[in-house]
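Structure first, then comments.
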Amino acid sequence: MLSVSSPLILTAPAFSARPATQARTRVKLAPPHAFATASTENYTSTSYLPPYHPHYMAAAAACSSFYEILGISTGASCQEIKTAYRRLARTCHPDAVLATNLKDSSAGEFMRIHAAYSTLSDPEKRADYDRKLLPRYRPLTATAFSPGYRRRNWETDQCW
Amino acid sequence: MSEPAYTVASDSETTGEEKTSSAFPEIAIGIDIGTAQCSVAVWNGSQVELLKNTRNQKMMRSYVNFKDDVPLGGVSNQLSHEHEMLSGAAIFNMKRLIGRADTDPVVHASKSLPFLVQTLDIGVRPFIGALVNNVWRSTTPEEVLAIYLLELRAMAEVALKRPIRNVVLTIPVSFNRFQVTRIERACAMAGLHVLRLMPEPTAVALLYAQQQQQTIHDNMGSGSEKIALIFNMGAGYCDVAVTATAGGVSQIKALAGSPIGGEDMLQNMMRHLLPDSEILFSNHGISEIKSMGLLRVATQDAIHKLTSQTSVQIDVDLGNGSKICKVVDQEEFQEVNKKVFEKCESLIIQCLRDAKGEPEDVTDIIAVGGCSYIPKIRNLLMSICKKQELYKGMNPLEAAVCGAALEGAVASGVNDPFGNLDLLTIQVTPLAIGIQAVGNNFVPIIPRNTTMPARKELVFTTVHDNQTGALIVVYEGEEKKVEGNHLLGYFKIIGIPPAPRGVPEINVCMDIDASNVLRVLAGVVLPGSQHHGIPVMEVRMPTVDDGHGWCAEALHRTYGSSLDLDTVQKKI
């Protein structure tokens, strides 16, 4: 899932494990606030990453939208987002995890939660994110483009 | 009476990290090392309790007197008179001097103190000396602080009847990572292990979170969110924080800080009362030190009185033929310190702006620290936030140490059956961290007020054709040019494939982990699959030690701009 449209983030990129062209595209797209538009690209881990990353990335790959990360619905209110963030911080923040061997993995997990929160708690960033997210998540409700074909699928597409 | 024999470890690499035994969770104590006063507090099982010294004091003056064979700090020593601290034999204001080079304006401002602060303006540690038997005996801020911490530790051990090792310390927001290492060094010298360092207003924020938790009795963040503006100003530093609190979670939204404080106001007033005082005292002769001490005590006294009365009569005989008789009122005091108050105002406004909050959103204004008693400061806070009053639930002088003690208990894994320790602080970076780019520009990679732990990266490129190496010079601070920021370290990456300038990609990543350790990683992004060619560099920062003022200059002299980097964004 190397979507070139989703800029970079939390995970350090695999410096070298991908063709340069893709890396270049990504760089262009990464705005200074890349953190806020984090995606869950499934990077190949390299020695560049501290040991905890493979672990946390496995989790990242398993759950792919910010809404899923925070455990809320796509229609969640601002209050619900904040509450969910705090609830998760209480269990996932490294300071809340007393076992020292889990601190590193919790750091990764908390960064992921915070990235989700910082995007969804900002109305503008959330709207941007929703625009990118929703076509992928609700491919069957693209009503604006095909009012008569609500149950469009690959086969109906072929029958245009 | 014999005190337990503690020895100050040598000033060498001692982290003390390796001895942490998790089998016996001791409750870490909270220490607030103030520029003027210190205090110690601990969670006693049901609440935070301030510890007292043998003279029943909770607040102890921060100084170490070198007059006798054994240096005596303000914890155990009893001043017969205020002037004793100003004879040149006592070193104080350690917190203003620690981790600063002799080119730093704050160090220069300390030159009118009674003890010796000598600067050569070459970017090294200043020479600090205490006057003992007409000899300037040299010491360092780290050593003075270590001696003082040793006394605090002994005091806490007597009070709690157990060995003390783990501490939570509060530090000013404006402290850079190099200064933090100096504080950790002083703690290690005193046999203390720093469990956590908290910016002072975030300790206050934690106490506020606990108070809100107790009053509301809600759980798990379901209560309404409260936004607090915390203003902390003591003798040496001014800090501001904006925090969003609900359900025991204190989420720091923004921090701002500066090394301005009561000491600056005191010096401004002394200069106002005796315009040529600095020239007079620059020689540090015995009689001048005495005059300076007399003026300092009289001015300090006047400033204290001005917090509760509109004008004050200053009457002091400096002993060298000059006398000062003057009435100073509030307005005059405010005029003399106009710049200080302006700086306070800009810090508050900046912090609110960074927190993306409107002044109207602020639920509570919390003013703590010695300077929070100054009427002008209180009015400033209320007018900016358009509020009629300040938060009343805290003792301004004890709030920070109480917060540190709470954090100590939380971080030690103590459980409270009543939920009083169900607390969490989500911290942010107080200063931006970045690297030097072409033209001595500072390019932040982790901006100020980024939630920690954090990991961010940026791609850079070469500035010369066929450039095969690059220097990664890491700075911390807020200035656009690197000269205005603090050098944390540097390293070189090699093996950039020869190419026209602007083509190669060098990825620089910064990682602040769960323990607030900063690592800088850098590597060349190679085309294709030949990715095992050049290993990535990973460097834990800060790496610079003393003489950090020299390093940047030496690098520049040796390499010029030949190993410079530029940001990729600019090129595209």
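We name chains A, B, ... following the order of the structure tokens; residues begin at 1 in each chain, and ligands are numbered from 1 as shown.
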
Discussion item. Taking the DSSP secondary structure from the backbone, can you list the residues of region 167-389 of chain B that are strand (DSSP E or B), as a PyMOL selection string?
Written reply: chain B and resi 167-171+193-199+226-233+238-246+249-258+311-317+323-329+364-368

Selection: 7 Å around region 25-39 of chain B, only C-alpha atoms, excl. self and same-chain fewer than 5 positions, as a PDB file with C-alpha atoms, in the first residue's frame:
```pdb
ATOM      1  CA  LYS B  58       9.813  24.623  53.994  1.00  0.00           C
ATOM      2  CA  MET B  59      11.440  27.174  51.709  1.00  0.00           C
ATOM      3  CA  MET B  60      15.216  27.327  51.838  1.00  0.00           C
ATOM      4  CA  ARG B  61      17.455  29.964  50.310  1.00  0.00           C
ATOM      5  CA  SER B  62      19.476  28.738  47.334  1.00  0.00           C
ATOM      6  CA  ASN B  93      21.807  32.241  41.428  1.00  0.00           C
ATOM      7  CA  MET B  94      23.349  28.929  40.269  1.00  0.00           C
ATOM      8  CA  LYS B  95      20.301  28.280  38.145  1.00  0.00           C
ATOM      9  CA  ARG B  96      20.963  31.400  36.103  1.00  0.00           C
ATOM     10  CA  ASN B 166      15.060   9.046  42.700  1.00  0.00           C
ATOM     11  CA  VAL B 167      13.993  12.628  42.148  1.00  0.00           C
ATOM     12  CA  VAL B 168      11.709  14.610  39.898  1.00  0.00           C
ATOM     13  CA  LEU B 169      13.096  18.062  39.241  1.00  0.00           C
ATOM     14  CA  THR B 170      11.443  21.132  37.828  1.00  0.00           C
ATOM     15  CA  ALA B 235      13.902  35.277  40.538  1.00  0.00           C
ATOM     16  CA  GLY B 236      15.559  33.863  37.464  1.00  0.00           C
ATOM     17  CA  ALA B 400       5.686  23.681  41.355  1.00  0.00           C
ATOM     18  CA  VAL B 401       7.228  21.455  44.015  1.00  0.00           C
ATOM     19  CA  ALA B 404       6.880  17.568  40.988  1.00  0.00           C
ATOM     20  CA  ALA B 405       6.042  15.397  44.008  1.00  0.00           C
ATOM     21  CA  GLY B 408       7.330  11.539  41.413  1.00  0.00           C
ATOM     22  CA  ALA B 409       4.595   9.354  42.866  1.00  0.00           C
ATOM     23  CA  SER B 412       7.241   5.572  40.720  1.00  0.00           C
TER      24      SER B 412
END
```

Worksheet item: Could you work out how far CA of Asp361 (chain B) lies from CA of Met233 (chain B), giving the answer in Å with one decimal?
Response: 22.5 Å

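With CA of Asp513 (chain B) on one side and CA of Tyr475 (chain B) on the other, the separation reads 18.0 Å.
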
Practice prompt. List every residue of region 289-509 of chain B that DSSP, applied to the backbone of this structure, places in helix (DSSP H, G or I), and write the result as a ChimeraX atom specification.
Written response: /B:289-305,330-336,338-354,359-361,370-373,375-384,399-411,482-484

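Closest to chain B among A:Phe66, A:Asp130, A:Ala84, A:Ser73 is A:Ala84, based on only C-alpha atoms.
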
Worksheet entry | Residue nearest chain A - candidates B:Ala254, B:Met265, B:Leu79, B:Ala244, atoms counted: only C-alpha atoms | B:Ala244

Worksheet entry | Shell of 10 Å around Gly257 (chain B), only C-alpha atoms, local chain residues under 4 positions omitted, as number ranges by chain | B: 172-175, 199, 201, 231-233, 237-241, 343-344, 347-348, 350-351, 430-431

Worksheet entry | Residue contacts of Val64 (chain B) (6 Å, only C-alpha atoms) excluding same-chain residues fewer than 3 positions away, as a PyMOL selection string | chain B and resi 72-73+90-91

For the selection just defined, write its residues with C-alpha atoms to a file, as a compact mmCIF listing (two decimals), in the first residue's frame.
```
# COMPACT_ATOMS: atom_id res chain seq x y z
CA LEU B 72 27.51 25.15 53.78
CA GLY B 73 24.31 25.51 51.78
CA ALA B 90 28.49 32.71 49.10
CA ILE B 91 27.53 31.63 45.60
```

Practice prompt. One decimal, Å: what's the distance from CA of Phe460 (chain B) over to CA of Val568 (chain B), could you say?
Written response: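 Separation between CA of Phe460 (chain B) and CA of Val568 (chain B): 5.1 Å.
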
Worksheet item: From the set B:Asn65, B:Met85, B:Ser80, B:Arg182, which residue has the shortest atom-to-atom contact distance to Val132 (chain B), counting only C-alpha atoms?
Response: B:Asn65
